[in-house]
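Source file coords.tsv; content: TSV, C-alpha atoms.
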```tsv
chain	number	residue	atom	x	y	z
A	18	MET	CA	0.00	0.00	0.00
A	19	ILE	CA	1.05	3.59	-0.54
A	20	LEU	CA	0.13	5.93	2.31
A	21	ASP	CA	0.99	9.59	2.68
A	22	LEU	CA	1.91	9.69	6.37
A	23	HIS	CA	2.15	13.41	7.10
A	24	ASN	CA	-0.63	15.90	6.33
A	25	HIS	CA	-2.55	18.67	8.06
A	26	SER	CA	-6.20	19.65	7.79
A	27	VAL	CA	-8.05	22.78	8.88
A	28	ALA	CA	-7.81	21.41	12.42
A	29	SER	CA	-4.21	22.66	12.41
A	30	ASP	CA	-3.83	26.41	12.89
A	31	ASP	CA	-1.71	26.86	9.75
A	32	ALA	CA	-3.47	24.53	7.32
A	33	ARG	CA	-6.26	25.35	4.87
A	34	ALA	CA	-7.22	21.92	3.54
A	35	LYS	CA	-10.46	20.15	4.31
A	36	VAL	CA	-10.20	16.37	4.50
A	37	GLU	CA	-12.91	15.88	1.89
A	38	ASN	CA	-10.99	18.14	-0.50
A	39	TYR	CA	-7.86	16.00	-0.05
A	40	CYS	CA	-9.95	12.98	-1.04
A	41	GLN	CA	-11.39	14.76	-4.08
A	42	TRP	CA	-7.92	15.89	-5.16
A	43	ILE	CA	-6.49	12.35	-4.88
A	44	GLN	CA	-9.38	10.98	-6.92
A	45	ARG	CA	-9.38	13.66	-9.63
A	46	ARG	CA	-5.59	13.66	-10.04
A	47	GLU	CA	-5.54	9.86	-9.86
A	48	LEU	CA	-2.72	10.03	-7.32
A	49	PRO	CA	-1.21	6.64	-6.49
A	50	LEU	CA	-2.27	6.82	-2.84
A	51	ASP	CA	-4.26	4.20	-0.97
A	52	GLY	CA	-4.72	6.59	1.90
A	53	PHE	CA	-3.25	9.29	4.08
A	54	VAL	CA	-2.65	10.26	7.67
A	55	LEU	CA	-3.71	13.52	9.32
A	56	SER	CA	-1.05	14.62	11.78
A	57	GLU	CA	-2.38	17.82	13.29
A	58	HIS	CA	0.03	20.22	14.99
A	59	ARG	CA	0.29	19.95	18.79
A	60	GLN	CA	-2.98	18.07	19.19
A	61	PHE	CA	-4.75	14.83	18.48
A	62	ASP	CA	-8.15	15.03	16.85
A	63	SER	CA	-10.05	12.36	18.74
A	64	VAL	CA	-13.43	13.59	17.51
A	65	SER	CA	-13.52	13.55	13.71
A	66	ASP	CA	-14.85	10.43	12.06
A	67	TYR	CA	-13.80	9.93	8.45
A	68	ARG	CA	-15.35	6.51	7.82
A	69	ASP	CA	-17.93	7.91	5.39
A	70	LEU	CA	-15.18	9.60	3.37
A	71	GLU	CA	-13.16	6.39	3.43
A	72	ASP	CA	-16.13	4.51	1.96
A	73	GLN	CA	-16.98	7.22	-0.55
A	74	PHE	CA	-13.45	7.56	-1.94
A	75	GLY	CA	-12.00	4.12	-1.25
A	76	LEU	CA	-9.18	5.57	0.83
A	77	VAL	CA	-7.73	4.77	4.23
A	78	ILE	CA	-7.78	7.90	6.43
A	79	LEU	CA	-5.91	7.66	9.72
A	80	LYS	CA	-5.16	10.13	12.48
A	81	ALA	CA	-1.87	10.92	14.21
A	82	SER	CA	-0.22	13.99	15.72
A	83	GLU	CA	2.82	16.20	15.17
A	84	VAL	CA	4.28	17.34	18.49
A	85	GLU	CA	7.19	19.68	19.24
A	86	THR	CA	10.27	18.70	21.24
A	87	GLU	CA	13.70	20.10	21.99
A	88	TYR	CA	14.94	18.02	19.03
A	89	GLY	CA	12.30	19.39	16.67
A	90	HIS	CA	9.00	18.07	15.42
A	91	VAL	CA	7.92	14.47	15.89
A	92	LEU	CA	5.07	12.49	14.34
A	93	VAL	CA	3.25	10.23	16.76
A	94	PHE	CA	1.29	7.31	15.30
A	95	GLY	CA	-1.07	5.29	17.49
A	96	VAL	CA	-2.22	8.04	19.82
A	97	ASN	CA	-4.62	6.71	22.45
A	98	ASP	CA	-6.09	7.92	25.75
A	99	ASP	CA	-3.10	6.70	27.76
A	100	LEU	CA	-0.66	8.56	25.58
A	101	GLN	CA	-2.75	11.73	25.61
A	102	ALA	CA	-2.71	11.63	29.40
A	103	SER	CA	1.05	11.14	29.57
A	104	PHE	CA	2.18	14.52	28.22
A	105	ASP	CA	0.79	17.86	27.05
A	106	PHE	CA	0.50	17.64	23.27
A	107	SER	CA	0.13	21.43	23.01
A	108	SER	CA	3.52	22.15	24.59
A	109	VAL	CA	6.38	23.28	22.33
A	110	LYS	CA	8.93	22.20	24.92
A	111	LEU	CA	8.40	18.46	25.13
A	112	SER	CA	11.30	16.11	25.75
A	113	LEU	CA	11.97	13.81	22.80
A	114	GLU	CA	13.09	11.11	25.21
A	115	THR	CA	9.72	11.33	26.98
A	116	VAL	CA	7.76	11.31	23.73
A	117	LEU	CA	9.67	8.26	22.50
A	118	SER	CA	9.40	6.31	25.74
A	119	GLU	CA	5.76	7.18	26.43
A	120	ALA	CA	4.81	6.32	22.86
A	121	GLU	CA	6.53	2.96	23.26
A	122	ARG	CA	4.85	2.35	26.62
A	123	CYS	CA	1.40	3.14	25.18
A	124	GLY	CA	1.78	1.01	22.07
A	125	ALA	CA	2.41	3.92	19.72
A	126	ILE	CA	5.50	5.00	17.80
A	127	ALA	CA	7.22	8.39	17.62
A	128	VAL	CA	8.92	9.34	14.36
A	129	PRO	CA	11.04	12.51	14.13
A	130	CYS	CA	9.93	14.36	11.01
A	131	HIS	CA	11.88	16.56	8.58
A	132	PRO	CA	15.05	15.81	10.62
A	133	GLY	CA	17.24	17.74	8.19
A	134	ARG	CA	15.38	21.01	8.69
A	135	PRO	CA	16.95	23.93	10.56
A	136	ARG	CA	15.63	24.47	14.10
A	137	VAL	CA	12.73	22.00	13.91
A	138	GLY	CA	14.65	18.95	12.62
A	139	MET	CA	16.45	16.44	14.84
A	140	SER	CA	19.90	16.66	13.23
A	141	ALA	CA	20.08	20.42	13.87
A	142	HIS	CA	20.21	19.69	17.60
A	143	PHE	CA	22.73	16.83	17.74
A	144	GLU	CA	25.72	19.13	18.17
A	145	GLN	CA	24.25	20.91	21.17
A	146	LEU	CA	22.15	18.16	22.73
A	147	GLY	CA	23.92	14.99	21.59
A	148	PRO	CA	22.40	11.95	19.93
A	149	VAL	CA	19.19	10.47	21.28
A	150	ASP	CA	18.39	6.83	21.97
A	151	GLY	CA	15.16	5.11	21.07
A	152	VAL	CA	14.64	6.43	17.54
A	153	THR	CA	14.04	3.65	15.03
A	154	VAL	CA	12.19	5.42	12.22
A	155	ILE	CA	12.55	8.94	10.85
A	156	GLU	CA	10.86	10.83	8.04
A	157	THR	CA	13.43	10.77	5.26
A	158	LEU	CA	11.23	12.32	2.58
A	159	ASN	CA	9.14	15.35	3.46
A	160	GLY	CA	7.20	17.16	0.76
A	161	GLY	CA	7.85	20.56	2.32
A	162	SER	CA	11.62	20.22	2.49
A	163	ARG	CA	13.91	22.72	0.85
A	164	GLY	CA	17.47	22.49	-0.41
A	165	ARG	CA	19.32	19.55	1.09
A	166	GLU	CA	16.91	18.92	3.97
A	167	ASN	CA	15.77	15.53	2.65
A	168	ASP	CA	19.35	14.56	1.71
A	169	ILE	CA	20.45	15.25	5.28
A	170	ALA	CA	17.58	13.09	6.53
A	171	ILE	CA	18.49	10.23	4.21
A	172	GLU	CA	22.17	10.44	5.24
A	173	LEU	CA	21.12	10.43	8.89
A	174	ALA	CA	19.03	7.29	8.36
A	175	GLU	CA	21.89	5.57	6.57
A	176	GLN	CA	24.44	6.50	9.24
A	177	ARG	CA	22.30	5.40	12.18
A	178	GLY	CA	20.35	2.54	10.65
A	179	TYR	CA	16.96	4.21	10.92
A	180	LYS	CA	14.10	3.13	8.68
A	181	GLY	CA	12.57	5.92	6.60
A	182	ILE	CA	9.04	7.07	5.90
A	183	GLY	CA	7.69	9.69	3.52
A	184	GLY	CA	4.98	12.27	3.94
A	185	SER	CA	3.88	15.34	2.05
A	186	ASP	CA	3.48	17.64	5.06
A	187	ALA	CA	0.58	19.10	3.07
A	188	HIS	CA	-1.13	22.18	4.44
A	189	ILE	CA	-3.07	22.88	1.25
A	190	VAL	CA	-4.95	20.42	-0.93
A	191	SER	CA	-2.65	20.39	-3.95
A	192	HIS	CA	0.36	19.37	-1.86
A	193	ILE	CA	-0.90	15.94	-0.87
A	194	GLY	CA	0.85	13.05	-2.57
A	195	ARG	CA	4.23	14.75	-2.97
A	196	CYS	CA	5.88	12.12	-0.77
A	197	ALA	CA	4.52	8.91	0.70
A	198	THR	CA	5.41	5.58	2.26
A	199	LYS	CA	5.25	2.16	0.62
A	200	ILE	CA	4.17	-0.57	3.01
A	201	GLU	CA	4.07	-4.19	1.92
A	202	ARG	CA	1.26	-5.31	4.20
A	203	GLU	CA	-2.36	-4.17	4.14
A	204	ILE	CA	-3.11	-1.23	6.44
A	205	ARG	CA	-6.68	-0.80	7.64
A	206	SER	CA	-6.17	0.82	11.00
A	207	ILE	CA	-3.69	2.93	12.94
A	208	GLU	CA	-2.71	-0.22	14.84
A	209	ASP	CA	-1.80	-1.89	11.52
A	210	LEU	CA	0.33	1.14	10.65
A	211	VAL	CA	2.09	1.21	14.03
A	212	GLY	CA	2.84	-2.51	13.67
A	213	ALA	CA	4.30	-2.01	10.21
A	214	LEU	CA	6.50	0.89	11.32
A	215	LYS	CA	7.74	-0.95	14.41
A	216	GLU	CA	8.70	-3.91	12.24
A	217	GLY	CA	10.38	-1.68	9.66
A	218	ASP	CA	7.90	-2.46	6.90
A	219	CYS	CA	8.17	0.98	5.32
A	220	GLU	CA	9.92	2.65	2.42
A	221	ALA	CA	9.84	6.37	1.64
A	222	VAL	CA	8.81	7.26	-1.92
A	223	SER	CA	8.74	10.61	-3.71
A	224	TYR	CA	6.37	11.78	-6.44
A	225	GLN	CA	7.79	15.30	-6.76
B	22	MET	CA	11.95	37.55	25.88
B	23	GLU	CA	10.48	34.51	27.59
B	24	PHE	CA	6.71	34.39	27.90
B	25	ASN	CA	4.73	32.39	30.41
B	26	ILE	CA	1.86	31.34	28.17
B	27	ASP	CA	-0.27	29.90	30.95
B	28	GLU	CA	-0.03	33.12	32.96
B	29	MET	CA	-0.76	35.23	29.88
B	30	LYS	CA	-3.82	33.12	29.07
B	31	GLU	CA	-5.08	33.38	32.61
B	32	GLN	CA	-4.67	37.13	32.64
B	33	TYR	CA	-5.84	38.07	29.14
B	34	VAL	CA	-7.84	35.38	27.30
B	35	ASP	CA	-11.61	35.99	27.16
B	36	HIS	CA	-11.41	39.33	28.96
B	37	PRO	CA	-13.10	42.11	26.90
B	38	PHE	CA	-10.81	45.09	26.36
B	39	ASP	CA	-12.43	47.25	23.71
B	40	GLU	CA	-15.87	48.18	22.37
B	41	VAL	CA	-16.48	50.35	19.32
B	42	GLU	CA	-19.53	51.32	17.25
B	43	PHE	CA	-19.67	51.72	13.49
B	44	VAL	CA	-22.42	52.82	11.13
B	45	VAL	CA	-22.34	50.87	7.88
B	46	ASP	CA	-22.14	53.07	4.82
B	47	ALA	CA	-23.45	51.86	1.43
B	48	GLU	CA	-20.68	53.54	-0.56
B	49	ASP	CA	-18.06	51.94	1.63
B	50	MET	CA	-19.71	48.52	1.20
B	51	VAL	CA	-19.57	48.90	-2.57
B	52	ALA	CA	-15.94	50.09	-2.55
B	53	PHE	CA	-14.93	47.15	-0.39
B	54	ALA	CA	-16.79	44.68	-2.62
B	55	GLN	CA	-15.13	46.16	-5.71
B	56	ALA	CA	-11.72	45.87	-4.07
B	57	CYS	CA	-12.47	42.20	-3.42
B	58	GLY	CA	-13.27	41.67	-7.09
B	59	GLU	CA	-16.96	40.95	-6.52
B	60	THR	CA	-19.27	41.19	-9.52
B	61	ALA	CA	-22.61	40.17	-8.00
B	62	PRO	CA	-25.18	43.04	-8.00
B	63	HIS	CA	-26.31	42.31	-4.45
B	64	PHE	CA	-22.80	43.36	-3.31
B	65	LEU	CA	-22.30	46.24	-5.75
B	66	ASP	CA	-25.64	47.95	-6.33
B	67	PRO	CA	-27.27	49.68	-3.34
B	68	LYS	CA	-30.57	49.57	-5.21
B	69	ALA	CA	-30.40	45.83	-5.79
B	70	PRO	CA	-32.79	43.66	-3.83
B	71	ASP	CA	-30.99	42.04	-0.89
B	72	PHE	CA	-28.05	44.49	-1.14
B	73	ARG	CA	-25.60	43.49	1.59
B	74	ALA	CA	-21.93	43.54	2.52
B	75	VAL	CA	-19.49	40.95	1.21
B	76	PRO	CA	-18.83	38.15	3.72
B	77	ASN	CA	-15.43	39.45	4.86
B	78	TYR	CA	-16.61	43.06	5.19
B	79	ALA	CA	-16.27	43.23	8.98
B	80	SER	CA	-12.51	42.75	8.62
B	81	ARG	CA	-12.28	46.34	7.29
B	82	TYR	CA	-13.02	47.70	10.76
B	83	HIS	CA	-10.45	48.19	13.50
B	84	GLY	CA	-10.95	48.79	17.19
B	85	ARG	CA	-9.19	51.43	19.24
B	86	ARG	CA	-6.74	48.90	20.60
B	87	SER	CA	-5.12	45.82	19.10
B	88	LEU	CA	-4.05	44.44	22.46
B	89	PRO	CA	-5.22	44.96	26.05
B	90	LYS	CA	-3.48	47.53	28.23
B	91	GLY	CA	-0.34	46.11	29.81
B	92	PHE	CA	-0.14	43.17	27.40
B	93	PRO	CA	3.52	42.08	27.56
B	94	VAL	CA	4.18	42.13	23.82
B	95	ASN	CA	5.45	45.06	21.84
B	96	MET	CA	3.07	45.55	18.92
B	97	MET	CA	5.92	47.01	16.88
B	98	ALA	CA	7.72	43.66	17.11
B	99	SER	CA	4.73	41.71	15.83
B	100	PHE	CA	3.37	41.25	12.35
B	101	ASP	CA	0.14	40.12	10.72
B	102	ALA	CA	-0.36	36.35	10.73
B	103	GLY	CA	-3.64	36.34	8.82
B	104	LYS	CA	-7.26	36.69	9.67
B	105	SER	CA	-10.43	34.65	9.48
B	106	VAL	CA	-14.04	35.72	9.36
B	107	GLU	CA	-17.07	33.74	10.46
B	108	ILE	CA	-20.38	35.07	9.18
B	109	THR	CA	-23.51	34.56	11.24
B	110	GLY	CA	-25.73	37.25	9.77
B	111	SER	CA	-26.00	39.81	6.97
B	112	ILE	CA	-24.54	43.31	7.26
B	113	ARG	CA	-26.78	45.94	5.61
B	114	ALA	CA	-26.36	49.59	4.74
B	115	GLY	CA	-27.28	51.77	7.70
B	116	ASP	CA	-26.68	49.02	10.28
B	117	ARG	CA	-25.16	50.18	13.53
B	118	LEU	CA	-22.56	47.62	14.46
B	119	THR	CA	-21.02	47.15	17.86
B	120	ALA	CA	-17.64	45.42	17.88
B	121	ARG	CA	-16.37	43.91	21.12
B	122	SER	CA	-12.77	42.75	21.38
B	123	HIS	CA	-11.06	40.14	23.49
B	124	ILE	CA	-7.99	37.96	23.23
B	125	HIS	CA	-9.29	34.60	22.06
B	126	ASP	CA	-6.09	32.56	22.21
B	127	ILE	CA	-2.37	32.77	22.84
B	128	PHE	CA	-0.11	29.94	21.75
B	129	GLU	CA	3.47	29.13	20.86
B	130	LYS	CA	4.81	27.09	17.99
B	131	THR	CA	8.15	26.36	16.41
B	132	GLY	CA	9.04	26.46	12.74
B	133	ARG	CA	11.92	26.57	10.30
B	134	SER	CA	12.57	30.19	11.27
B	135	GLY	CA	12.41	29.52	15.01
B	136	GLY	CA	9.99	30.05	17.86
B	137	MET	CA	6.82	32.08	17.41
B	138	LEU	CA	4.18	33.44	19.72
B	139	PHE	CA	0.69	33.79	18.23
B	140	ILE	CA	-1.96	36.10	19.64
B	141	VAL	CA	-5.53	35.83	18.37
B	142	HIS	CA	-7.51	39.07	18.77
B	143	ARG	CA	-11.21	38.33	18.28
B	144	MET	CA	-13.72	41.04	17.33
B	145	GLU	CA	-17.37	40.07	17.62
B	146	PHE	CA	-19.81	42.23	15.65
B	147	SER	CA	-23.48	42.60	16.57
B	148	ASN	CA	-26.04	44.80	14.84
B	149	GLN	CA	-28.57	47.25	16.31
B	150	ASP	CA	-30.96	44.33	16.99
B	151	ASP	CA	-28.22	42.63	19.02
B	152	ILE	CA	-27.88	39.94	16.36
B	153	LYS	CA	-24.33	38.64	16.04
B	154	VAL	CA	-23.39	39.12	12.39
B	155	SER	CA	-19.68	38.42	12.21
B	156	THR	CA	-16.64	37.25	14.16
B	157	VAL	CA	-13.20	38.32	12.97
B	158	ASP	CA	-10.03	36.71	14.29
B	159	TRP	CA	-6.89	38.77	13.79
B	160	ARG	CA	-3.73	36.75	14.26
B	161	MET	CA	-0.52	38.45	15.26
B	162	VAL	CA	2.82	36.70	15.48
B	163	VAL	CA	5.97	37.61	17.35
B	164	ARG	CA	9.17	35.84	16.36
B	165	LEU	CA	10.69	34.76	19.65
B	166	ASP	CA	14.10	33.68	18.39
B	167	MET	CA	14.59	36.95	16.53
B	168	THR	CA	14.14	38.78	19.82
B	169	ARG	CA	16.53	36.36	21.51
B	170	ASP	CA	19.03	36.54	18.59
B	171	LYS	CA	19.04	40.34	18.72
B	172	LYS	CA	19.69	40.24	22.44
B	173	ALA	CA	22.45	37.67	21.93
B	174	LYS	CA	24.03	39.82	19.21
B	175	ARG	CA	23.87	42.89	21.41
B	176	GLY	CA	25.48	40.83	24.18
B	177	ALA	CA	28.20	39.56	21.82
B	178	LYS	CA	28.96	43.11	20.63
B	179	THR	CA	29.22	44.31	24.21
B	180	GLN	CA	31.49	41.44	25.09
B	181	SER	CA	33.74	41.97	22.07
B	182	GLY	CA	33.89	45.67	22.89
B	183	GLU	CA	34.97	44.85	26.39
B	184	SER	CA	37.73	42.42	25.40
```

Could you rewrite the structure in this file as structure tokens?
Amino acid sequence: MILDLHNHSVASDDARAKVENYCQWIQRRELPLDGFVLSEHRQFDSVSDYRDLEDQFGLVILKASEVETEYGHVLVFGVNDDLQASFDFSSVKLSLETVLSEAERCGAIAVPCHPGRPRVGMSAHFEQLGPVDGVTVIETLNGGSRGRENDIAIELAEQRGYKGIGGSDAHIVSHIGRCATKIEREIRSIEDLVGALKEGDCEAVSYQ
Amino acid sequence: MEFNIDEMKEQYVDHPFDEVEFVVDAEDMVAFAQACGETAPHFLDPKAPDFRAVPNYASRYHGRRSLPKGFPVNMMASFDAGKSVEITGSIRAGDRLTARSHIHDIFEKTGRSGGMLFIVHRMEFSNQDDIKVSTVDWRMVVRLDMTRDKKAKRGAKTQSGES
């Protein structure tokens, strides 16, 4: 399956895309996506129900979160009540170590995103803060990256043996499908996705 | 400058700090609609049936203050971070609108350019019949790292001058 693992809807303060419009865009442009993940900034949308859109468009629509740590931004897949109670998703000063360990404890997985980006990418903080344990997967292809940001991420994954995922980081409709993740197994739920990522069944792909 | 967001929210969010009245002028409604590129007669012709203001019209009004008194952010260091308008009723020529302001939200985020503090100034517009017609959110952003960087640079200059 091909899933775009990093997108934002109007639920994020800086995004302008409605979920239905993402679906329409994927269908009209015949993008090679089987689904996508909504990773809203500093929050988890536990309310929205996209099952009707899934049925209407034949897409898998999953929900995650993008939180902010001292090492930059981190995607969290598999958010549940336990994890939401374990730290303040709205904080911009979370500890990456806490996010990683709490995600693991709650059956989720934390994935540093756009790690090659200045200020909000993990590699920008290694010199000052040192390397961090517990990372197994990073976002190696991000659709919003500039310059060498994705190259730095790929080099980082190669050096440290991380698996890579891809996501568009779309904030507007036409940006979905720029990057995605190829997963060999069938994904029908966020639990399926977490299982695949934990087992390294993921490959970043670019359509840019 | 470090901000304690929780304290700022406690002190400023949802506390009204300004109230202003406006009388809606037909010529002004037309000029605004033209500037928006509207072509529909009900926005451009005061004689048209159902003549009314374009949906974002309330965003043309400003209060007397952008921030409450004593708010710990220098307006001159902030810049516009966009606005959104929610329409709940029609604005007509001759309406007397009352706009009440409060800080709706304060939040921090980080981005490629560093840390940012966002302040959402909400103006709620009601007409002479006390019907709420529009809510406008004005977002302001202050770049936190720029403030810190400037201070650091000033510190570095001072230090180099001393050595």

Open item on the list: Which residues are near Glu107 of chain B? Cut-off 12 Å, all atoms listed in the file, ignore same chain within fewer than 3 positions. Put them as a ChimeraX atom specification.
Closed with: /B:75-80,104,110-111,143-146,153-159

TODO: Tell me which of B:Arg73, B:Lys30, B:His36, B:Lys130 sits closest to chain A, counting only C-alpha atoms.
DONE: B:Lys130

- [ ] Residues of chain B near chain A: apply a cut-off of 12 Å, count all atoms listed in the file, and supply the list as a ChimeraX atom specification.
- [x] /B:25-27,102-105,126-141,160,166

TODO: Have a look at B:Arg85, B:Leu165, B:Ala74, B:Phe24 and name the one nearest to Ala47 of chain B; count only C-alpha atoms.
DONE: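 Answer, going by the shortest atom-to-atom distance: B:Ala74.
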
Open item on the list: Give me the residues near segment 74-81 of chain A as a list in words, where near means some atom within 7 Å (using only C-alpha atoms) and where sequence neighbours in that chain fewer than 2 positions away do not count.
Closed with: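 The residues satisfying every condition are Cys40, Asp51, Gly52, Phe53, Val54, Leu55, Ser56, Glu57, Phe61, Tyr67, Leu70, Glu71, Asp72, Val93, Phe94, Gly95, Val96, Arg205, Ser206 and Ile207 of chain A.
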
Could you save the residues just selected, with C-alpha atoms, as a JSON list (two decimals), in the frame of the given file?
```json
[["chain", "number", "residue", "atom", "x", "y", "z"],
["A", 40, "CYS", "CA", -9.95, 12.98, -1.04],
["A", 51, "ASP", "CA", -4.26, 4.20, -0.97],
["A", 52, "GLY", "CA", -4.72, 6.59, 1.90],
["A", 53, "PHE", "CA", -3.25, 9.29, 4.08],
["A", 54, "VAL", "CA", -2.65, 10.26, 7.67],
["A", 55, "LEU", "CA", -3.71, 13.52, 9.32],
["A", 56, "SER", "CA", -1.05, 14.62, 11.78],
["A", 57, "GLU", "CA", -2.38, 17.82, 13.29],
["A", 61, "PHE", "CA", -4.75, 14.83, 18.48],
["A", 67, "TYR", "CA", -13.80, 9.93, 8.45],
["A", 70, "LEU", "CA", -15.18, 9.60, 3.37],
["A", 71, "GLU", "CA", -13.16, 6.39, 3.43],
["A", 72, "ASP", "CA", -16.13, 4.51, 1.96],
["A", 93, "VAL", "CA", 3.25, 10.23, 16.76],
["A", 94, "PHE", "CA", 1.29, 7.31, 15.30],
["A", 95, "GLY", "CA", -1.07, 5.29, 17.49],
["A", 96, "VAL", "CA", -2.22, 8.04, 19.82],
["A", 205, "ARG", "CA", -6.68, -0.80, 7.64],
["A", 206, "SER", "CA", -6.17, 0.82, 11.00],
["A", 207, "ILE", "CA", -3.69, 2.93, 12.94]]
```

Task: Point-to-point distance in Å for atom CA of His131 of chain A and atom CA of Ala187 of chain A - done: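 If I compute the distance from atom CA of Ala187 of chain A to atom CA of His131 of chain A, I get 12.8 Å.
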
Task: Ref. answer, residues at most 8 Å from (6.8, -1.6, 1.3) with all atoms listed in the file, as a list in words - done: Met18, Ile19, Thr198, Lys199, Ile200, Glu201, Arg202, Asp218, Cys219 and Glu220 of chain A

Centre and edges of the segment 106-109 of chain B box, axis-aligned, 3 Å extra per side, as lines of an AutoDock Vina configuration file:
```
center_x = -18.8
center_y = 34.7
center_z = 10.2
size_x = 15.5
size_y = 8.0
size_z = 8.1
```

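Between atom CA of Asp150 of chain B and atom CA of Arg117 of chain B there is a distance of 8.9 Å.
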
Open item on the list: Need the shell around His63 of chain B: protein/DNA/RNA residues with any atom at most 12 Å away, counting only C-alpha atoms. Skip same-chain ones fewer than 2 positions apart. Format as a list in words?
Closed with: Ala47, Met50, Val51, Ala54, Gln55, Glu59, Thr60, Ala61, Leu65, Asp66, Pro67, Lys68, Ala69, Pro70, Asp71, Phe72, Arg73, Ala74, Val75, Pro76, Ser111, Ile112, Arg113 and Ala114 of chain B

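Atom to atom, atom CA of Gly217 of chain A and atom CA of Lys180 of chain A stand 6.2 Å apart.
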
Task: Selected residue, from A:Ser191, A:Ala34, A:Pro132, A:Asn159, that lies nearest to Glu172 of chain A when counting only C-alpha atoms - done: A:Pro132
